[in-house]
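Peer 1: This is final27.csv (CSV, C-alpha atoms).
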chain,number,residue,atom,x,y,z
U,1479,MET,CA,0.0,0.0,0.0
U,1480,HIS,CA,1.2,3.5,-0.8
U,1481,TRP,CA,0.6,5.1,2.5
U,1482,VAL,CA,3.0,8.0,2.0
U,1483,THR,CA,1.5,8.8,-1.3
U,1484,ILE,CA,-2.1,8.6,0.1
U,1485,ILE,CA,-1.3,10.9,3.0
U,1486,LEU,CA,0.6,13.4,0.8
U,1487,ILE,CA,-2.2,13.4,-1.8
U,1488,GLY,CA,-4.7,14.2,1.0
U,1489,ILE,CA,-2.5,17.1,2.1
U,1490,ALA,CA,-1.7,18.4,-1.3
U,1491,ALA,CA,-5.2,18.3,-2.6
U,1492,ASN,CA,-6.4,20.3,0.4
U,1493,LEU,CA,-3.7,23.0,0.9
U,1494,ASP,CA,-5.9,25.3,-1.3
U,1495,ASN,CA,-8.7,24.7,1.2
U,1496,LEU,CA,-6.4,25.9,3.9
U,1497,GLY,CA,-5.5,29.1,2.1
U,1498,ILE,CA,-9.2,29.9,1.3
U,1499,SER,CA,-10.4,29.0,4.7
U,1500,LEU,CA,-7.7,31.3,6.2
U,1501,ALA,CA,-9.2,34.1,4.1
U,1502,TYR,CA,-12.6,33.3,5.5
U,1503,GLY,CA,-11.2,33.3,9.1
U,1504,ILE,CA,-9.6,36.7,8.5
U,1505,LYS,CA,-12.9,38.2,7.3
U,1506,GLN,CA,-14.7,36.6,10.3
U,1507,VAL,CA,-16.8,34.4,8.0
U,1508,LYS,CA,-17.6,31.3,10.0
U,1509,ILE,CA,-17.7,27.8,8.5
U,1510,PRO,CA,-19.7,25.6,11.0
U,1511,VAL,CA,-18.7,22.0,11.6
U,1512,LEU,CA,-21.7,20.7,9.5
U,1513,SER,CA,-20.8,23.0,6.6
U,1514,ASN,CA,-17.2,21.8,6.8
U,1515,ALA,CA,-18.4,18.2,6.8
U,1516,VAL,CA,-20.4,18.9,3.6
U,1517,ILE,CA,-17.3,20.3,1.9
U,1518,ALA,CA,-15.3,17.2,2.9
U,1519,VAL,CA,-18.0,14.8,1.7
U,1520,ILE,CA,-18.2,16.6,-1.7
U,1521,SER,CA,-14.4,16.3,-2.0
U,1522,MET,CA,-14.6,12.6,-1.2
U,1523,ILE,CA,-17.3,12.0,-3.7
U,1524,ILE,CA,-15.5,13.8,-6.5
U,1525,THR,CA,-12.2,12.0,-5.6
U,1526,TYR,CA,-14.0,8.6,-5.7
U,1527,VAL,CA,-15.4,9.3,-9.1
U,1528,ALA,CA,-12.0,10.5,-10.4
U,1529,VAL,CA,-10.1,7.6,-8.9
U,1530,THR,CA,-12.6,5.2,-10.4
U,1531,ALA,CA,-12.2,6.9,-13.8
U,1532,GLY,CA,-8.5,6.7,-13.5
U,1533,SER,CA,-8.5,3.1,-12.6
U,1534,THR,CA,-10.7,2.3,-15.6
U,1535,VAL,CA,-7.8,3.5,-17.8
U,1536,VAL,CA,-5.6,0.7,-16.4
U,1537,ALA,CA,-8.0,-1.9,-18.0
U,1538,TYR,CA,-7.0,-0.6,-21.5
U,1539,ILE,CA,-3.3,0.0,-21.1
U,1540,SER,CA,-0.4,-1.8,-19.3
U,1541,PRO,CA,0.0,-1.2,-15.5
U,1542,HIS,CA,3.5,0.3,-16.1
U,1543,THR,CA,2.2,2.7,-18.8
U,1544,ALA,CA,-0.7,3.6,-16.5
U,1545,ASN,CA,1.7,4.3,-13.6
U,1546,VAL,CA,3.9,6.5,-15.8
U,1547,LEU,CA,0.9,8.4,-17.2
U,1548,GLY,CA,-0.6,8.8,-13.7
U,1549,SER,CA,2.7,10.1,-12.3
U,1550,LEU,CA,3.1,12.4,-15.3
U,1551,LEU,CA,-0.4,13.7,-14.8
U,1552,LEU,CA,0.4,14.4,-11.1
U,1553,CYS,CA,3.5,16.3,-12.1
U,1554,LEU,CA,1.5,18.3,-14.8
U,1555,ILE,CA,-1.2,19.1,-12.2
U,1556,GLY,CA,1.5,20.4,-9.9
U,1557,ILE,CA,3.0,22.5,-12.6
U,1558,TRP,CA,-0.4,23.8,-13.6
U,1559,THR,CA,-1.1,24.6,-9.9
U,1560,LEU,CA,2.2,26.5,-9.7
U,1561,MET,CA,1.6,28.5,-12.9
U,1562,SER,CA,-2.1,29.3,-12.3
U,1563,HIS,CA,-2.0,29.9,-8.5
U,1564,ARG,CA,-2.4,33.7,-9.0
U,1565,PHE,CA,-5.6,33.2,-11.0
U,1566,SER,CA,-7.4,30.1,-9.6
U,1567,ASN,CA,-8.4,30.5,-6.0
U,1568,GLN,CA,-7.1,34.1,-5.5
U,1569,ARG,CA,-10.5,35.4,-6.4
U,1570,ILE,CA,-12.2,33.4,-3.7
U,1571,ALA,CA,-9.5,34.1,-1.1
U,1572,GLY,CA,-9.7,37.8,-1.8
U,1573,ASN,CA,-13.5,37.8,-1.7
U,1574,PRO,CA,-14.6,35.1,0.7
U,1575,GLU,CA,-18.1,36.7,0.8
U,1576,LEU,CA,-18.6,35.3,-2.8
U,1577,PHE,CA,-20.0,32.1,-1.3
U,1578,ASP,CA,-21.8,33.8,1.7
U,1579,GLU,CA,-24.8,34.7,-0.4
U,1580,ASP,CA,-27.0,35.9,2.4
U,1581,LYS,CA,-24.1,38.0,3.9
U,1582,ASN,CA,-24.6,36.7,7.4
U,1583,LEU,CA,-20.9,35.8,7.8
U,1584,VAL,CA,-21.8,32.1,8.2
U,1585,ILE,CA,-21.4,29.5,5.4
U,1586,SER,CA,-24.6,27.6,5.4
U,1587,ILE,CA,-24.9,24.0,4.2
U,1588,ARG,CA,-26.2,25.2,0.8
U,1589,GLU,CA,-23.4,27.7,0.5
U,1590,ALA,CA,-20.9,24.9,1.6
U,1591,MET,CA,-22.1,22.7,-1.3
U,1592,ALA,CA,-21.2,25.3,-3.9
U,1593,LEU,CA,-17.9,26.0,-2.1
U,1594,GLY,CA,-17.2,22.3,-1.9
U,1595,PHE,CA,-17.4,21.8,-5.6
U,1596,VAL,CA,-15.0,24.7,-6.3
U,1597,LEU,CA,-12.5,23.5,-3.6
U,1598,SER,CA,-12.6,19.9,-5.0
U,1599,ALA,CA,-11.1,20.8,-8.3
U,1600,ASN,CA,-7.7,19.6,-7.2
U,1601,CYS,CA,-9.3,16.3,-6.0
U,1602,LEU,CA,-10.7,15.6,-9.5
U,1603,ALA,CA,-7.4,15.8,-11.3
U,1604,ALA,CA,-5.4,14.1,-8.6
U,1605,GLY,CA,-8.0,11.4,-8.3
U,1606,ILE,CA,-7.7,10.5,-11.9
U,1607,ALA,CA,-3.9,10.3,-11.6
U,1608,ILE,CA,-4.1,8.2,-8.4
U,1609,GLY,CA,-6.6,5.8,-10.0
U,1610,ALA,CA,-4.3,5.4,-13.0
U,1611,ASN,CA,-1.4,4.6,-10.6
U,1612,GLY,CA,-3.5,1.8,-9.0
U,1613,ILE,CA,-3.4,3.3,-5.5
U,1614,SER,CA,-6.3,2.4,-3.2
U,1615,ALA,CA,-9.4,4.4,-3.9
U,1616,LEU,CA,-10.9,3.9,-0.5
U,1617,TRP,CA,-7.9,5.1,1.4
U,1618,THR,CA,-7.3,8.0,-1.0
U,1619,VAL,CA,-10.9,9.1,-0.6
U,1620,ILE,CA,-10.7,8.9,3.2
U,1621,SER,CA,-7.4,10.8,3.2
U,1622,ILE,CA,-8.9,13.6,1.0
U,1623,GLY,CA,-11.9,13.8,3.3
U,1624,VAL,CA,-10.0,13.9,6.6
U,1625,PHE,CA,-7.5,16.5,5.4
U,1626,SER,CA,-10.3,18.6,3.8
U,1627,PHE,CA,-12.1,18.7,7.2
U,1628,ILE,CA,-8.9,19.5,9.1
U,1629,THR,CA,-7.6,22.2,6.7
U,1630,VAL,CA,-11.0,24.0,6.4
U,1631,GLY,CA,-11.5,23.8,10.2
U,1632,VAL,CA,-8.1,25.0,11.1
U,1633,GLY,CA,-8.0,27.7,8.5
U,1634,SER,CA,-11.4,29.0,9.4
U,1635,HIS,CA,-10.7,29.0,13.1
U,1636,PHE,CA,-7.2,30.4,13.1
U,1637,GLY,CA,-7.5,32.6,10.0
U,1638,SER,CA,-5.9,35.8,11.2
U,1639,LEU,CA,-3.0,33.9,12.8
U,1640,LEU,CA,-2.2,31.4,10.1
U,1641,ALA,CA,-2.6,33.8,7.2
U,1642,LYS,CA,0.6,35.5,8.2
U,1643,THR,CA,2.6,32.3,8.1
U,1644,LEU,CA,4.5,30.9,5.1
U,1645,LEU,CA,2.0,28.1,4.9
U,1646,GLY,CA,-0.9,30.5,4.7
U,1647,LYS,CA,0.8,32.8,2.1
U,1648,TYR,CA,2.2,30.0,-0.1
U,1649,SER,CA,-0.3,27.2,0.3
U,1650,THR,CA,-1.0,26.9,-3.4
U,1651,VAL,CA,2.7,26.9,-4.3
U,1652,ILE,CA,3.4,24.3,-1.7
U,1653,SER,CA,0.5,22.2,-3.0
U,1654,GLY,CA,1.9,22.4,-6.6
U,1655,TRP,CA,5.4,21.3,-5.5
U,1656,LEU,CA,4.0,18.5,-3.4
U,1657,LEU,CA,2.0,17.1,-6.4
U,1658,ILE,CA,5.2,17.2,-8.5
U,1659,ILE,CA,7.1,15.4,-5.8
U,1660,ILE,CA,4.4,12.8,-5.5
U,1661,GLY,CA,4.4,12.2,-9.2
U,1662,ILE,CA,8.1,11.7,-9.3
U,1663,PHE,CA,8.0,9.5,-6.3
U,1664,GLU,CA,5.3,7.3,-7.9
U,1665,VAL,CA,7.4,6.7,-11.0
U,1666,PHE,CA,10.3,5.3,-9.0
U,1667,ILE,CA,8.5,3.2,-6.4
U,1668,LYS,CA,6.9,0.7,-8.8
Would you mind giving the structure from this file in structure tokens?
Peer 2:
Amino acid sequence: MHWVTIILIGIAANLDNLGISLAYGIKQVKIPVLSNAVIAVISMIITYVAVTAGSTVVAYISPHTANVLGSLLLCLIGIWTLMSHRFSNQRIAGNPELFDEDKNLVISIREAMALGFVLSANCLAAGIAIGANGISALWTVISIGVFSFITVGVGSHFGSLLAKTLLGKYSTVISGWLLIIIGIFEVFIK
């Protein structure tokens, strides 16, 4: 089992969640536990669909080719994350009230559903790559869900403190590099 990869994917796919929830914390927008759970479940569902799609690819090509393609895809997602970090989630982080439609400074379950789909974009691409690499869908989905819940909860709660740290400022860049490292790691461990 690829425990290191599974844990690192859970972290990498959710570092954007940390950055965005930090912005919510700074602006005093609350993300209640139930809304946070909804975001985590949506990330898990999207990851499961993506991992299943990625593992379907293995049926049509050799496992070695699937591993190389999956690892390359992780590296490409990491590079794309690094190159587009200024454009992707910056709009949400700069305007957390975008998803607080009723402007009550609390993300409701309905608002969390929309936010969850946006935050799960990394999970979709990473899930396809993980599925192509033949890594456990169940444990990847659990890892994504757990780290989503943790990063959103921590970011929302400690927003004003963590936003000033290197992790808060560079969460997307760290996520991109982590995905590249995971992709390279996966090529050499099989």
Peer 1: I need the residue nearest Ala1491 of chain U from this list: U:Val1511, U:Leu1583, U:Val1624, U:Leu1616. Use only C-alpha atoms for the distance.
Peer 2: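 Going through U:Val1511, U:Leu1583, U:Val1624, U:Leu1616 one by one, the smallest distance to Ala1491 of chain U is for U:Val1624.
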Peer 1: Measuring atom to atom with only C-alpha atoms, identify which of U:Ser1621, U:Gln1506, U:Asn1495, U:Ser1598 is nearest to Val1527 of chain U.
Peer 2: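 Checking each of U:Ser1621, U:Gln1506, U:Asn1495, U:Ser1598 against Val1527 of chain U, counting only C-alpha atoms, the winner is U:Ser1598.
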Peer 1: Which of these, U:Val1619, U:Leu1554, U:Ala1537, U:Met1591, has the shortest distance to Ile1662 of chain U once you count only C-alpha atoms?
Peer 2: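 Among the listed residues, the smallest separation from Ile1662 of chain U belongs to U:Leu1554.
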Peer 1: What gap, in Å, lies between atom CA of Gly1612 of chain U and atom CA of Leu1493 of chain U?
Peer 2: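 Interatomic distance here is 23.4 Å.
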Peer 1: To one decimal in Å, tell me the separation between atom CA of Gly1661 of chain U and atom CA of Cys1553 of chain U.
Peer 2: 5.1 Å
Peer 1: What gap, in Å, lies between atom CA of Glu1589 of chain U and atom CA of Leu1496 of chain U?
Peer 2: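 Distance between the two atoms: 17.4 Å.
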Peer 1: Just give me the residues with any atom within 12 Å of (-18.3, 19.8, 6.9), file coordinates, counting only C-alpha atoms, written as a PyMOL selection string.
Peer 2: chain U and resi 1508-1522+1585-1591+1593-1594+1623-1631+1634
Peer 1: Suppose we keep C-alpha atoms; can you now write the selection as a PDB file, keeping the file's coordinate frame?
Peer 2:
ATOM      1  CA  LYS U1508     -17.600  31.300  10.000  1.00  0.00           C
ATOM      2  CA  ILE U1509     -17.700  27.800   8.500  1.00  0.00           C
ATOM      3  CA  PRO U1510     -19.700  25.600  11.000  1.00  0.00           C
ATOM      4  CA  VAL U1511     -18.700  22.000  11.600  1.00  0.00           C
ATOM      5  CA  LEU U1512     -21.700  20.700   9.500  1.00  0.00           C
ATOM      6  CA  SER U1513     -20.800  23.000   6.600  1.00  0.00           C
ATOM      7  CA  ASN U1514     -17.200  21.800   6.800  1.00  0.00           C
ATOM      8  CA  ALA U1515     -18.400  18.200   6.800  1.00  0.00           C
ATOM      9  CA  VAL U1516     -20.400  18.900   3.600  1.00  0.00           C
ATOM     10  CA  ILE U1517     -17.300  20.300   1.900  1.00  0.00           C
ATOM     11  CA  ALA U1518     -15.300  17.200   2.900  1.00  0.00           C
ATOM     12  CA  VAL U1519     -18.000  14.800   1.700  1.00  0.00           C
ATOM     13  CA  ILE U1520     -18.200  16.600  -1.700  1.00  0.00           C
ATOM     14  CA  SER U1521     -14.400  16.300  -2.000  1.00  0.00           C
ATOM     15  CA  MET U1522     -14.600  12.600  -1.200  1.00  0.00           C
ATOM     16  CA  ILE U1585     -21.400  29.500   5.400  1.00  0.00           C
ATOM     17  CA  SER U1586     -24.600  27.600   5.400  1.00  0.00           C
ATOM     18  CA  ILE U1587     -24.900  24.000   4.200  1.00  0.00           C
ATOM     19  CA  ARG U1588     -26.200  25.200   0.800  1.00  0.00           C
ATOM     20  CA  GLU U1589     -23.400  27.700   0.500  1.00  0.00           C
ATOM     21  CA  ALA U1590     -20.900  24.900   1.600  1.00  0.00           C
ATOM     22  CA  MET U1591     -22.100  22.700  -1.300  1.00  0.00           C
ATOM     23  CA  LEU U1593     -17.900  26.000  -2.100  1.00  0.00           C
ATOM     24  CA  GLY U1594     -17.200  22.300  -1.900  1.00  0.00           C
ATOM     25  CA  GLY U1623     -11.900  13.800   3.300  1.00  0.00           C
ATOM     26  CA  VAL U1624     -10.000  13.900   6.600  1.00  0.00           C
ATOM     27  CA  PHE U1625      -7.500  16.500   5.400  1.00  0.00           C
ATOM     28  CA  SER U1626     -10.300  18.600   3.800  1.00  0.00           C
ATOM     29  CA  PHE U1627     -12.100  18.700   7.200  1.00  0.00           C
ATOM     30  CA  ILE U1628      -8.900  19.500   9.100  1.00  0.00           C
ATOM     31  CA  THR U1629      -7.600  22.200   6.700  1.00  0.00           C
ATOM     32  CA  VAL U1630     -11.000  24.000   6.400  1.00  0.00           C
ATOM     33  CA  GLY U1631     -11.500  23.800  10.200  1.00  0.00           C
ATOM     34  CA  SER U1634     -11.400  29.000   9.400  1.00  0.00           C
TER      35      SER U1634
END
